[in-house]
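structure10.cif follows (mmCIF, C-alpha atoms (C1' of nucleotides)):
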data_protein
loop_
_atom_site.group_PDB
_atom_site.id
_atom_site.type_symbol
_atom_site.label_atom_id
_atom_site.label_comp_id
_atom_site.auth_asym_id
_atom_site.auth_seq_id
_atom_site.Cartn_x
_atom_site.Cartn_y
_atom_site.Cartn_z
ATOM 1 C CA MET L 1 -13.449 -3.569 3.798
ATOM 2 C CA THR L 2 -14.991 -6.979 3.315
ATOM 3 C CA ALA L 3 -17.092 -5.178 0.748
ATOM 4 C CA ASP L 4 -16.803 -7.852 -1.897
ATOM 5 C CA PRO L 5 -16.334 -11.136 -0.122
ATOM 6 C CA ALA L 6 -16.472 -13.236 -3.276
ATOM 7 C CA ALA L 7 -13.666 -11.331 -4.935
ATOM 8 C CA PRO L 8 -11.310 -13.599 -6.883
ATOM 9 C CA THR L 9 -8.496 -13.279 -4.349
ATOM 10 C CA LEU L 10 -5.831 -13.835 -6.960
ATOM 11 C CA PRO L 11 -2.377 -15.051 -6.057
ATOM 12 C CA LYS L 12 0.114 -12.677 -4.602
ATOM 13 C CA ASN L 13 2.102 -10.761 -7.178
ATOM 14 C CA PHE L 14 -0.011 -12.248 -9.928
ATOM 15 C CA LEU L 15 0.272 -9.068 -11.948
ATOM 16 C CA ARG L 16 3.899 -9.653 -12.803
ATOM 17 C CA PRO L 17 3.604 -13.052 -14.428
ATOM 18 C CA CYS L 18 0.501 -11.876 -16.251
ATOM 19 C CA LEU L 19 2.380 -8.975 -17.723
ATOM 20 C CA LEU L 20 5.206 -11.229 -18.733
ATOM 21 C CA LEU L 21 2.854 -13.661 -20.419
ATOM 22 C CA LEU L 22 0.975 -10.891 -22.185
ATOM 23 C CA LEU L 23 4.190 -9.353 -23.388
ATOM 24 C CA ARG L 24 5.455 -12.687 -24.476
ATOM 25 C CA GLU L 25 2.425 -13.083 -26.641
ATOM 26 C CA GLN L 26 2.865 -9.644 -28.072
ATOM 27 C CA PRO L 27 4.654 -6.384 -27.238
ATOM 28 C CA ALA L 28 2.367 -3.635 -26.060
ATOM 29 C CA HIS L 29 2.126 -0.361 -24.230
ATOM 30 C CA GLY L 30 0.722 0.048 -20.754
ATOM 31 C CA TYR L 31 -2.675 1.330 -21.614
ATOM 32 C CA GLU L 32 -3.271 -1.600 -23.896
ATOM 33 C CA LEU L 33 -2.070 -4.067 -21.303
ATOM 34 C CA LEU L 34 -4.599 -2.558 -18.970
ATOM 35 C CA GLU L 35 -7.264 -3.795 -21.334
ATOM 36 C CA ARG L 36 -5.728 -7.167 -21.997
ATOM 37 C CA LEU L 37 -5.319 -7.793 -18.305
ATOM 38 C CA ARG L 38 -9.053 -8.025 -17.837
ATOM 39 C CA THR L 39 -8.822 -11.536 -19.234
ATOM 40 C CA PHE L 40 -6.917 -12.512 -16.139
ATOM 41 C CA GLY L 41 -9.388 -11.247 -13.616
ATOM 42 C CA PHE L 42 -8.033 -7.757 -13.121
ATOM 43 C CA GLU L 43 -11.363 -6.015 -13.172
ATOM 44 C CA GLY L 44 -10.622 -2.795 -11.416
ATOM 45 C CA SER L 45 -8.100 -1.267 -13.750
ATOM 46 C CA ASP L 46 -5.351 0.282 -11.701
ATOM 47 C CA PRO L 47 -3.030 2.262 -13.981
ATOM 48 C CA GLY L 48 -0.802 3.219 -11.097
ATOM 49 C CA GLY L 49 -0.019 -0.316 -10.104
ATOM 50 C CA LEU L 50 0.384 -1.389 -13.674
ATOM 51 C CA TYR L 51 2.969 1.213 -14.603
ATOM 52 C CA ARG L 52 4.776 0.685 -11.374
ATOM 53 C CA SER L 53 5.029 -3.029 -12.085
ATOM 54 C CA LEU L 54 6.202 -2.364 -15.595
ATOM 55 C CA ARG L 55 8.899 -0.046 -14.328
ATOM 56 C CA LYS L 56 10.061 -2.583 -11.832
ATOM 57 C CA LEU L 57 10.086 -5.324 -14.427
ATOM 58 C CA GLU L 58 12.234 -3.182 -16.638
ATOM 59 C CA GLU L 59 14.516 -2.257 -13.793
ATOM 60 C CA GLU L 60 15.058 -5.962 -13.222
ATOM 61 C CA GLY L 61 15.733 -6.520 -16.889
ATOM 62 C CA LEU L 62 12.716 -8.721 -17.480
ATOM 63 C CA VAL L 63 11.260 -6.387 -20.061
ATOM 64 C CA ARG L 64 12.592 -3.505 -22.120
ATOM 65 C CA SER L 65 10.842 -0.492 -23.517
ATOM 66 C CA ALA L 66 11.037 2.146 -26.191
ATOM 67 C CA TRP L 67 9.020 5.249 -26.952
ATOM 68 C CA GLU L 68 6.803 5.134 -29.942
ATOM 69 C CA GLN L 69 5.135 8.121 -31.524
ATOM 70 C CA SER L 70 1.473 7.690 -32.131
ATOM 71 C CA SER L 71 -0.382 9.558 -34.828
ATOM 72 C CA THR L 72 -3.620 9.472 -32.877
ATOM 73 C CA GLY L 73 -2.470 10.570 -29.440
ATOM 74 C CA PRO L 74 0.443 11.026 -27.072
ATOM 75 C CA ALA L 75 3.586 8.951 -27.344
ATOM 76 C CA ARG L 76 3.490 5.539 -25.776
ATOM 77 C CA ARG L 77 6.079 3.365 -24.221
ATOM 78 C CA ILE L 78 6.126 0.020 -25.945
ATOM 79 C CA TYR L 79 7.237 -2.877 -23.795
ATOM 80 C CA GLU L 80 8.638 -6.166 -24.915
ATOM 81 C CA ILE L 81 9.838 -9.143 -22.935
ATOM 82 C CA THR L 82 13.487 -10.074 -22.714
ATOM 83 C CA ARG L 83 15.160 -13.452 -22.618
ATOM 84 C CA VAL L 84 15.577 -13.123 -18.882
ATOM 85 C CA GLY L 85 11.918 -12.204 -18.610
ATOM 86 C CA MET L 86 10.923 -15.391 -20.379
ATOM 87 C CA GLU L 87 12.995 -17.425 -17.984
ATOM 88 C CA GLU L 88 11.380 -15.649 -15.091
ATOM 89 C CA LEU L 89 7.973 -16.326 -16.578
ATOM 90 C CA HIS L 90 8.938 -19.956 -16.789
ATOM 91 C CA ARG L 91 9.844 -20.078 -13.130
ATOM 92 C CA ARG L 92 6.755 -18.213 -12.072
ATOM 93 C CA ALA L 93 4.576 -20.539 -14.103
ATOM 94 C CA LYS L 94 6.003 -23.436 -12.139
ATOM 95 C CA GLY L 95 5.238 -21.688 -8.889
ATOM 96 C CA LEU L 96 1.728 -20.908 -10.032
ATOM 97 C CA ALA L 97 1.179 -24.497 -11.021
ATOM 98 C CA GLU L 98 2.084 -25.426 -7.469
ATOM 99 C CA ALA L 99 -0.295 -22.815 -6.191
ATOM 100 C CA ARG L 100 -3.034 -24.306 -8.294
ATOM 101 C CA GLY L 101 -2.296 -27.635 -6.706
ATOM 102 C CA THR L 102 -2.703 -26.166 -3.274
ATOM 103 C CA LEU L 103 -5.901 -24.487 -4.328
ATOM 104 C CA ASP L 104 -7.161 -27.785 -5.669
ATOM 105 C CA ALA L 105 -6.344 -29.409 -2.368
ATOM 106 C CA PHE L 106 -8.209 -26.744 -0.477
ATOM 107 C CA LEU L 107 -11.264 -26.773 -2.693
ATOM 108 C CA GLY L 108 -11.330 -30.535 -2.848
ATOM 109 C CA ARG L 109 -11.227 -30.759 0.889
ATOM 110 C CA TYR L 110 -13.839 -28.085 1.224
ATOM 111 C CA GLU L 111 -16.275 -29.734 -1.164
ATOM 112 C CA GLU L 112 -15.640 -33.100 0.319
ATOM 113 C CA PHE L 113 -16.611 -31.781 3.689
ATOM 114 C CA VAL L 114 -19.672 -30.076 2.323
ATOM 115 C CA ALA L 115 -20.713 -33.368 0.761
ATOM 116 C CA LEU L 116 -20.192 -35.174 4.050
ATOM 117 C CA ARG L 117 -22.370 -32.703 5.865
ATOM 118 C CA ARG L 118 -25.072 -33.093 3.273
ATOM 119 C CA ALA L 119 -25.007 -36.821 3.809
ATOM 120 C CA GLU L 120 -25.297 -36.415 7.564
ATOM 121 C CA VAL L 121 -28.013 -33.843 7.464
ATOM 122 C CA PRO L 122 -30.552 -35.297 5.032
ATOM 123 C CA ALA L 123 -32.393 -32.182 3.945
ATOM 124 C CA PRO L 124 -32.721 -29.040 6.058
ATOM 125 C CA ALA L 125 -35.763 -27.364 4.554
ATOM 126 C CA SER L 126 -35.034 -26.943 0.910
ATOM 127 C CA GLY L 127 -37.370 -28.590 -1.556
ATOM 128 C CA MET R 1 13.479 -10.552 -2.147
ATOM 129 C CA THR R 2 13.018 -12.744 -5.178
ATOM 130 C CA ALA R 3 14.965 -15.253 -3.159
ATOM 131 C CA ASP R 4 12.789 -18.224 -3.994
ATOM 132 C CA PRO R 5 11.312 -17.641 -7.427
ATOM 133 C CA ALA R 6 9.429 -20.931 -7.542
ATOM 134 C CA ALA R 7 7.678 -20.336 -4.243
ATOM 135 C CA PRO R 8 4.018 -21.350 -4.235
ATOM 136 C CA THR R 9 2.782 -17.759 -4.468
ATOM 137 C CA LEU R 10 -0.450 -18.512 -2.694
ATOM 138 C CA PRO R 11 -3.397 -16.156 -2.796
ATOM 139 C CA LYS R 12 -3.448 -13.207 -0.526
ATOM 140 C CA ASN R 13 -5.042 -13.868 2.821
ATOM 141 C CA PHE R 14 -5.132 -17.569 2.092
ATOM 142 C CA LEU R 15 -4.520 -18.268 5.742
ATOM 143 C CA ARG R 16 -7.996 -17.146 6.728
ATOM 144 C CA PRO R 17 -10.024 -19.539 4.616
ATOM 145 C CA CYS R 18 -7.640 -22.326 5.531
ATOM 146 C CA LEU R 19 -8.224 -21.723 9.188
ATOM 147 C CA LEU R 20 -11.946 -21.615 8.665
ATOM 148 C CA LEU R 21 -11.890 -24.881 6.776
ATOM 149 C CA LEU R 22 -9.676 -26.539 9.343
ATOM 150 C CA LEU R 23 -11.907 -25.357 12.159
ATOM 151 C CA ARG R 24 -14.943 -26.460 10.312
ATOM 152 C CA GLU R 25 -13.524 -29.917 10.107
ATOM 153 C CA GLN R 26 -12.724 -29.864 13.781
ATOM 154 C CA PRO R 27 -12.242 -27.364 16.600
ATOM 155 C CA ALA R 28 -8.671 -26.923 17.640
ATOM 156 C CA HIS R 29 -6.191 -24.704 19.398
ATOM 157 C CA GLY R 30 -3.618 -22.595 17.644
ATOM 158 C CA TYR R 31 -0.626 -24.795 18.103
ATOM 159 C CA GLU R 32 -2.453 -27.720 16.600
ATOM 160 C CA LEU R 33 -3.643 -25.653 13.668
ATOM 161 C CA LEU R 34 -0.053 -24.768 13.045
ATOM 162 C CA GLU R 35 0.590 -28.419 12.385
ATOM 163 C CA ARG R 36 -2.513 -29.009 10.346
ATOM 164 C CA LEU R 37 -1.789 -26.016 8.166
ATOM 165 C CA ARG R 38 1.223 -27.692 6.651
ATOM 166 C CA THR R 39 -1.192 -29.602 4.451
ATOM 167 C CA PHE R 40 -2.046 -26.352 2.729
ATOM 168 C CA GLY R 41 1.436 -25.321 1.818
ATOM 169 C CA PHE R 42 2.259 -23.288 4.894
ATOM 170 C CA GLU R 43 5.702 -24.691 5.378
ATOM 171 C CA GLY R 44 7.356 -22.078 7.515
ATOM 172 C CA SER R 45 5.327 -22.230 10.695
ATOM 173 C CA ASP R 46 4.618 -18.699 11.844
ATOM 174 C CA PRO R 47 2.934 -18.710 15.246
ATOM 175 C CA GLY R 48 2.721 -14.953 15.350
ATOM 176 C CA GLY R 49 0.813 -14.648 12.131
ATOM 177 C CA LEU R 50 -1.407 -17.559 13.004
ATOM 178 C CA TYR R 51 -2.538 -16.178 16.333
ATOM 179 C CA ARG R 52 -3.003 -12.783 14.855
ATOM 180 C CA SER R 53 -5.305 -14.211 12.207
ATOM 181 C CA LEU R 54 -7.197 -16.187 14.806
ATOM 182 C CA ARG R 55 -7.700 -13.077 16.900
ATOM 183 C CA LYS R 56 -8.952 -11.141 13.943
ATOM 184 C CA LEU R 57 -11.276 -13.924 12.913
ATOM 185 C CA GLU R 58 -12.719 -13.934 16.385
ATOM 186 C CA GLU R 59 -13.009 -10.191 16.452
ATOM 187 C CA GLU R 60 -15.077 -10.451 13.286
ATOM 188 C CA GLY R 61 -17.223 -13.158 14.783
ATOM 189 C CA LEU R 62 -16.148 -15.863 12.358
ATOM 190 C CA VAL R 63 -14.793 -18.062 15.111
ATOM 191 C CA ARG R 64 -15.203 -18.197 18.845
ATOM 192 C CA SER R 65 -12.837 -19.439 21.492
ATOM 193 C CA ALA R 66 -12.708 -20.757 25.008
ATOM 194 C CA TRP R 67 -9.883 -21.613 27.348
ATOM 195 C CA GLU R 68 -9.306 -25.234 28.059
ATOM 196 C CA GLN R 69 -7.122 -26.596 30.810
ATOM 197 C CA SER R 70 -4.669 -29.160 29.658
ATOM 198 C CA SER R 71 -3.324 -31.844 31.948
ATOM 199 C CA THR R 72 -0.076 -32.075 30.030
ATOM 200 C CA GLY R 73 0.844 -28.427 29.658
ATOM 201 C CA PRO R 74 -0.341 -24.850 29.772
ATOM 202 C CA ALA R 75 -3.928 -23.890 29.081
ATOM 203 C CA ARG R 76 -4.936 -23.592 25.460
ATOM 204 C CA ARG R 77 -7.460 -21.530 23.674
ATOM 205 C CA ILE R 78 -9.779 -23.780 21.732
ATOM 206 C CA TYR R 79 -11.277 -22.260 18.623
ATOM 207 C CA GLU R 80 -14.422 -23.286 16.844
ATOM 208 C CA ILE R 81 -16.092 -21.899 13.788
ATOM 209 C CA THR R 82 -19.349 -19.977 14.020
ATOM 210 C CA ARG R 83 -22.308 -19.930 11.695
ATOM 211 C CA VAL R 84 -21.104 -16.644 10.274
ATOM 212 C CA GLY R 85 -17.688 -18.163 9.817
ATOM 213 C CA MET R 86 -19.131 -20.981 7.774
ATOM 214 C CA GLU R 87 -20.903 -18.539 5.547
ATOM 215 C CA GLU R 88 -17.696 -16.628 5.117
ATOM 216 C CA LEU R 89 -15.881 -19.830 4.284
ATOM 217 C CA HIS R 90 -18.515 -20.514 1.709
ATOM 218 C CA ARG R 91 -18.014 -17.163 0.085
ATOM 219 C CA ARG R 92 -14.274 -17.437 0.167
ATOM 220 C CA ALA R 93 -14.413 -20.871 -1.359
ATOM 221 C CA LYS R 94 -16.340 -19.413 -4.259
ATOM 222 C CA GLY R 95 -13.770 -16.711 -4.681
ATOM 223 C CA LEU R 96 -10.957 -19.228 -4.544
ATOM 224 C CA ALA R 97 -12.688 -21.393 -7.107
ATOM 225 C CA GLU R 98 -12.749 -18.365 -9.360
ATOM 226 C CA ALA R 99 -9.100 -17.787 -8.651
ATOM 227 C CA ARG R 100 -8.363 -21.349 -9.634
ATOM 228 C CA GLY R 101 -10.184 -20.741 -12.874
ATOM 229 C CA THR R 102 -8.052 -17.711 -13.538
ATOM 230 C CA LEU R 103 -4.968 -19.703 -12.716
ATOM 231 C CA ASP R 104 -6.085 -22.397 -15.109
ATOM 232 C CA ALA R 105 -6.574 -19.797 -17.793
ATOM 233 C CA PHE R 106 -3.146 -18.392 -17.189
ATOM 234 C CA LEU R 107 -1.378 -21.722 -17.158
ATOM 235 C CA GLY R 108 -3.310 -22.966 -20.153
ATOM 236 C CA ARG R 109 -2.426 -19.897 -22.100
ATOM 237 C CA TYR R 110 1.153 -20.144 -21.008
ATOM 238 C CA GLU R 111 1.538 -23.753 -22.032
ATOM 239 C CA GLU R 112 -0.276 -23.177 -25.251
ATOM 240 C CA PHE R 113 2.173 -20.484 -26.158
ATOM 241 C CA VAL R 114 5.101 -22.627 -25.164
ATOM 242 C CA ALA R 115 3.782 -25.359 -27.454
ATOM 243 C CA LEU R 116 3.424 -22.896 -30.300
ATOM 244 C CA ARG R 117 6.973 -21.725 -29.896
ATOM 245 C CA ARG R 118 8.191 -25.288 -29.893
ATOM 246 C CA ALA R 119 6.422 -25.881 -33.172
ATOM 247 C CA GLU R 120 7.999 -22.780 -34.700
ATOM 248 C CA VAL R 121 11.482 -23.404 -33.426
ATOM 249 C CA PRO R 122 12.210 -27.048 -34.300
ATOM 250 C CA ALA R 123 14.933 -27.857 -31.819
ATOM 251 C CA PRO R 124 17.373 -25.306 -30.316
ATOM 252 C CA ALA R 125 20.412 -27.328 -29.401
ATOM 253 C CA SER R 126 19.239 -29.962 -26.970
ATOM 254 C CA GLY R 127 20.060 -33.492 -27.957
ATOM 255 C "C1'" DG K 1 -6.018 30.797 -29.310
ATOM 256 C "C1'" DC K 2 -8.262 28.448 -25.625
ATOM 257 C "C1'" DC K 3 -10.867 25.100 -23.224
ATOM 258 C "C1'" DA K 4 -12.724 20.416 -22.601
ATOM 259 C "C1'" DG K 5 -12.078 15.590 -23.047
ATOM 260 C "C1'" DC K 6 -9.617 11.596 -24.375
ATOM 261 C "C1'" DT K 7 -5.318 8.798 -24.443
ATOM 262 C "C1'" DA K 8 -1.271 7.643 -22.010
ATOM 263 C "C1'" DT K 9 2.170 7.658 -18.488
ATOM 264 C "C1'" DA K 10 3.730 8.431 -13.902
ATOM 265 C "C1'" DT K 11 4.135 9.430 -8.819
ATOM 266 C "C1'" DG K 12 2.580 9.951 -3.848
ATOM 267 C "C1'" DT K 13 0.261 8.401 0.108
ATOM 268 C "C1'" DT K 14 -1.873 5.280 3.067
ATOM 269 C "C1'" DT K 15 -3.250 0.954 4.418
ATOM 270 C "C1'" DT K 16 -2.822 -3.957 4.599
ATOM 271 C "C1'" DC K 17 -0.242 -8.337 4.571
ATOM 272 C "C1'" DT K 18 3.623 -10.983 5.667
ATOM 273 C "C1'" DG K 19 7.740 -12.765 7.770
ATOM 274 C "C1'" DC K 20 10.737 -12.725 11.412
ATOM 275 C "C1'" DC K 21 12.091 -12.188 16.041
ATOM 276 C "C1'" DC K 22 11.255 -12.104 20.719
ATOM 277 C "C1'" DA K 23 8.553 -12.220 25.406
ATOM 278 C "C1'" DC K 24 5.878 -14.637 28.671
ATOM 279 C "C1'" DA K 25 3.580 -18.290 31.185
ATOM 280 C "C1'" DG K 26 2.670 -23.121 32.760
ATOM 281 C "C1'" DC K 27 4.313 -27.605 33.335
ATOM 282 C "C1'" DG K 28 7.599 -31.641 33.777
ATOM 283 C "C1'" DG K 29 12.035 -33.506 34.459
ATOM 284 C "C1'" DT K 30 16.523 -33.488 36.876
ATOM 285 C "C1'" DA Y 1 16.155 -24.017 40.976
ATOM 286 C "C1'" DC Y 2 16.924 -24.416 36.392
ATOM 287 C "C1'" DC Y 3 16.032 -25.876 31.800
ATOM 288 C "C1'" DG Y 4 13.390 -27.232 27.999
ATOM 289 C "C1'" DC Y 5 8.938 -27.996 25.995
ATOM 290 C "C1'" DT Y 6 4.166 -26.527 24.963
ATOM 291 C "C1'" DG Y 7 1.274 -22.802 24.025
ATOM 292 C "C1'" DT Y 8 -0.026 -17.942 23.340
ATOM 293 C "C1'" DG Y 9 0.901 -13.372 22.116
ATOM 294 C "C1'" DG Y 10 3.001 -8.742 20.476
ATOM 295 C "C1'" DG Y 11 6.388 -5.662 17.920
ATOM 296 C "C1'" DC Y 12 8.518 -4.219 13.986
ATOM 297 C "C1'" DA Y 13 10.268 -3.784 9.147
ATOM 298 C "C1'" DG Y 14 9.664 -4.490 4.478
ATOM 299 C "C1'" DA Y 15 6.682 -5.830 0.545
ATOM 300 C "C1'" DA Y 16 2.478 -5.443 -1.704
ATOM 301 C "C1'" DA Y 17 -1.992 -3.480 -2.738
ATOM 302 C "C1'" DA Y 18 -5.422 0.219 -2.908
ATOM 303 C "C1'" DC Y 19 -6.574 4.679 -3.644
ATOM 304 C "C1'" DA Y 20 -5.801 9.256 -5.146
ATOM 305 C "C1'" DT Y 21 -3.537 12.625 -7.855
ATOM 306 C "C1'" DA Y 22 -0.395 14.941 -11.378
ATOM 307 C "C1'" DT Y 23 1.201 15.631 -16.072
ATOM 308 C "C1'" DA Y 24 1.406 15.795 -21.045
ATOM 309 C "C1'" DG Y 25 0.031 15.355 -25.950
ATOM 310 C "C1'" DC Y 26 -3.530 15.281 -29.200
ATOM 311 C "C1'" DT Y 27 -8.295 16.335 -31.111
ATOM 312 C "C1'" DG Y 28 -12.455 18.832 -31.692
ATOM 313 C "C1'" DG Y 29 -15.454 22.798 -30.796
ATOM 314 C "C1'" DC Y 30 -15.935 27.735 -30.347
#
This structure in structure tokens:
Amino acid sequence: MTADPAAPTLPKNFLRPCLLLLLREQPAHGYELLERLRTFGFEGSDPGGLYRSLRKLEEEGLVRSAWEQSSTGPARRIYEITRVGMEELHRRAKGLAEARGTLDAFLGRYEEFVALRRAEVPAPASG
Amino acid sequence: MTADPAAPTLPKNFLRPCLLLLLREQPAHGYELLERLRTFGFEGSDPGGLYRSLRKLEEEGLVRSAWEQSSTGPARRIYEITRVGMEELHRRAKGLAEARGTLDAFLGRYEEFVALRRAEVPAPASG
DNA sequence: GCCAGCTATATGTTTTCTGCCCACAGCGGT
DNA sequence: ACCGCTGTGGGCAGAAAACATATAGCTGGC
């Protein structure tokens, strides 16, 4: 609890759109997505959550999958995005753009206030 | 469920930093905060959730409160931010700035890909 | 053949967050 | 006295996230 206070605090349900975007760029299997997700701030790799999301996405028809035999290891389930998935991604992107706006508003207001305080209080003790 | 796909999708726990920022700007009671929160994309006013957050914040020592008699209505609990709360706000702001960065990355990558596709596929059918 | 370790997928459990509904109390108007 | 408004608070159900665990195939060593 409150262990890492500066954690990114990503948007709710951010995993889903990320998966859709990743899969739109290129089909992949779960384990690989786990790696590629790190780009989007998913540090602590959570296979469980990932596969669950993937399943749900497929159940909703946003992605589809097929088994692929690998010569170097166990079979993998290759996912690719569907037309519907792309549309969903589109919608989500809009929502996320809005979210960014809100975040901008918050941060702007926060920094503005910090600046104000600095102006009021000349210089506490720092050199 | 998936009712409003373009919903803002704000970060998890976004309420907390918002409250801290609002209280940093100016002490207030819950009902008033409810109004001021609308600026941050909290459309559906949810008194229950608000007060719960406030309570928790106080329990953690991030804010403190005192009853104030009102001449025009029932007594109100006035909240103000504490030193610890400001530090927490600071940390959260950093985290949210990171989140914005991630969001930027996502949206940039999304739009970039959209642009690429447009270049590949000349013009579907839209006139 | 058998075990250990890696890749890869999947499920179960528990906790947290969120949204929605409702209860209660004080005050003012009629 | 009753109603409606302001203001605070709790309960509950469903969604989401975190954490832990199970399974299965393949490879290499012995």
Query raised in the report: Hey, what comes out of the PyMOL selection byres ((chain K and resi 1-16) around 12) on this file? Could you write it as an NGL selection string?
Result: (:L and (1 or 29-34 or 47-55 or 67-78)) or (:R and (12-13)) or (:K and (17-18)) or (:Y and (15-30))
Query raised in the report: Is there a way to get, as a PyMOL selection string, all residues within 8 Å of the point (6.8, -13.8, -16.5) in file coordinates, counting only C-alpha atoms (C1' of nucleotides)?
Result: chain L and resi 16-21+62+85-93
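By chain and then residue number, the residues within 12 Å of Thr39 (chain R) are Gly101, Thr102, Leu103, Asp104, Ala105, Phe106 and Arg109 of chain L; Leu15, Cys18, Leu19, Leu21, Leu22, Leu33, Leu34, Glu35, Arg36, Phe42, Glu43, Gly44 and Ser45 of chain R, counting all atoms listed in the file and disregarding those fewer than 3 positions away in sequence.
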Report summary line: One decimal place gives the CA of Gln26 (chain L)-CA of Phe113 (chain R) separation as 11.0 Å
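Among the candidates R:Asp46, R:Gly95, R:Glu111, R:Glu25, the residue lying nearest to Thr9 (chain L) is R:Gly95 (atoms considered: all atoms listed in the file).
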Which residues of chain Y have any atom within 12 Å of an atom in chain R when counting all atoms listed in the file, and what is the closest pair of atoms for each, with the distance in Å to one decimal? Order the rows by chain and rising number and write it as a Markdown table.
| residue | atom | partner | partner_atom | distance |
| --- | --- | --- | --- | --- |
| Y:DC5 | C1' | R:Gly73 | CA | 8.9 |
| Y:DT6 | C1' | R:Gly73 | CA | 6.1 |
| Y:DG7 | C1' | R:Pro74 | CA | 6.3 |
| Y:DT8 | C1' | R:Tyr51 | CA | 7.6 |
| Y:DG9 | C1' | R:Gly48 | CA | 7.2 |
| Y:DG10 | C1' | R:Gly48 | CA | 8.1 |
| Y:DG11 | C1' | R:Gly48 | CA | 10.3 |
| Y:DG14 | C1' | R:Met1 | CA | 9.8 |
| Y:DA15 | C1' | R:Met1 | CA | 8.7 |
| Y:DA16 | C1' | R:Lys12 | CA | 9.8 |
| Y:DA17 | C1' | R:Lys12 | CA | 10.1 |
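A straight line drawn from CA of Ala28 (chain R) to CA of Val63 (chain R) is 11.1 Å long.
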Model the absent atoms of region 49-60 of chain L so that N, CA, C and O atoms are present, and write the result as an mmCIF file, in the coordinates of the input.
data_model
loop_
_atom_site.group_PDB
_atom_site.id
_atom_site.type_symbol
_atom_site.label_atom_id
_atom_site.label_comp_id
_atom_site.auth_asym_id
_atom_site.auth_seq_id
_atom_site.Cartn_x
_atom_site.Cartn_y
_atom_site.Cartn_z
ATOM 1 N N GLY L 49 -0.679 0.941 -10.395
ATOM 2 C CA GLY L 49 -0.019 -0.316 -10.104
ATOM 3 C C GLY L 49 0.613 -0.923 -11.340
ATOM 4 O O GLY L 49 1.728 -1.432 -11.289
ATOM 5 N N LEU L 50 -0.119 -0.827 -12.426
ATOM 6 C CA LEU L 50 0.384 -1.389 -13.674
ATOM 7 C C LEU L 50 1.713 -0.772 -14.071
ATOM 8 O O LEU L 50 2.701 -1.464 -14.282
ATOM 9 N N TYR L 51 1.747 0.547 -14.163
ATOM 10 C CA TYR L 51 2.969 1.213 -14.603
ATOM 11 C C TYR L 51 4.107 0.978 -13.625
ATOM 12 O O TYR L 51 5.264 0.840 -14.012
ATOM 13 N N ARG L 52 3.744 0.947 -12.369
ATOM 14 C CA ARG L 52 4.776 0.685 -11.374
ATOM 15 C C ARG L 52 5.399 -0.689 -11.605
ATOM 16 O O ARG L 52 6.606 -0.849 -11.595
ATOM 17 N N SER L 53 4.549 -1.678 -11.821
ATOM 18 C CA SER L 53 5.029 -3.029 -12.085
ATOM 19 C C SER L 53 5.929 -3.053 -13.315
ATOM 20 O O SER L 53 7.015 -3.623 -13.298
ATOM 21 N N LEU L 54 5.451 -2.415 -14.351
ATOM 22 C CA LEU L 54 6.202 -2.364 -15.595
ATOM 23 C C LEU L 54 7.596 -1.787 -15.359
ATOM 24 O O LEU L 54 8.604 -2.323 -15.805
ATOM 25 N N ARG L 55 7.624 -0.691 -14.655
ATOM 26 C CA ARG L 55 8.899 -0.046 -14.328
ATOM 27 C C ARG L 55 9.827 -1.013 -13.619
ATOM 28 O O ARG L 55 10.999 -1.140 -13.944
ATOM 29 N N LYS L 56 9.259 -1.671 -12.625
ATOM 30 C CA LYS L 56 10.061 -2.583 -11.832
ATOM 31 C C LYS L 56 10.582 -3.730 -12.696
ATOM 32 O O LYS L 56 11.749 -4.119 -12.610
ATOM 33 N N LEU L 57 9.708 -4.243 -13.512
ATOM 34 C CA LEU L 57 10.086 -5.324 -14.427
ATOM 35 C C LEU L 57 11.265 -4.883 -15.295
ATOM 36 O O LEU L 57 12.216 -5.640 -15.519
ATOM 37 N N GLU L 58 11.171 -3.675 -15.773
ATOM 38 C CA GLU L 58 12.234 -3.182 -16.638
ATOM 39 C C GLU L 58 13.530 -3.010 -15.851
ATOM 40 O O GLU L 58 14.607 -3.376 -16.311
ATOM 41 N N GLU L 59 13.370 -2.469 -14.659
ATOM 42 C CA GLU L 59 14.516 -2.257 -13.793
ATOM 43 C C GLU L 59 15.242 -3.569 -13.526
ATOM 44 O O GLU L 59 16.458 -3.608 -13.382
ATOM 45 N N GLU L 60 14.470 -4.650 -13.481
ATOM 46 C CA GLU L 60 15.058 -5.962 -13.222
ATOM 47 C C GLU L 60 15.516 -6.646 -14.515
ATOM 48 O O GLU L 60 15.985 -7.782 -14.489
#
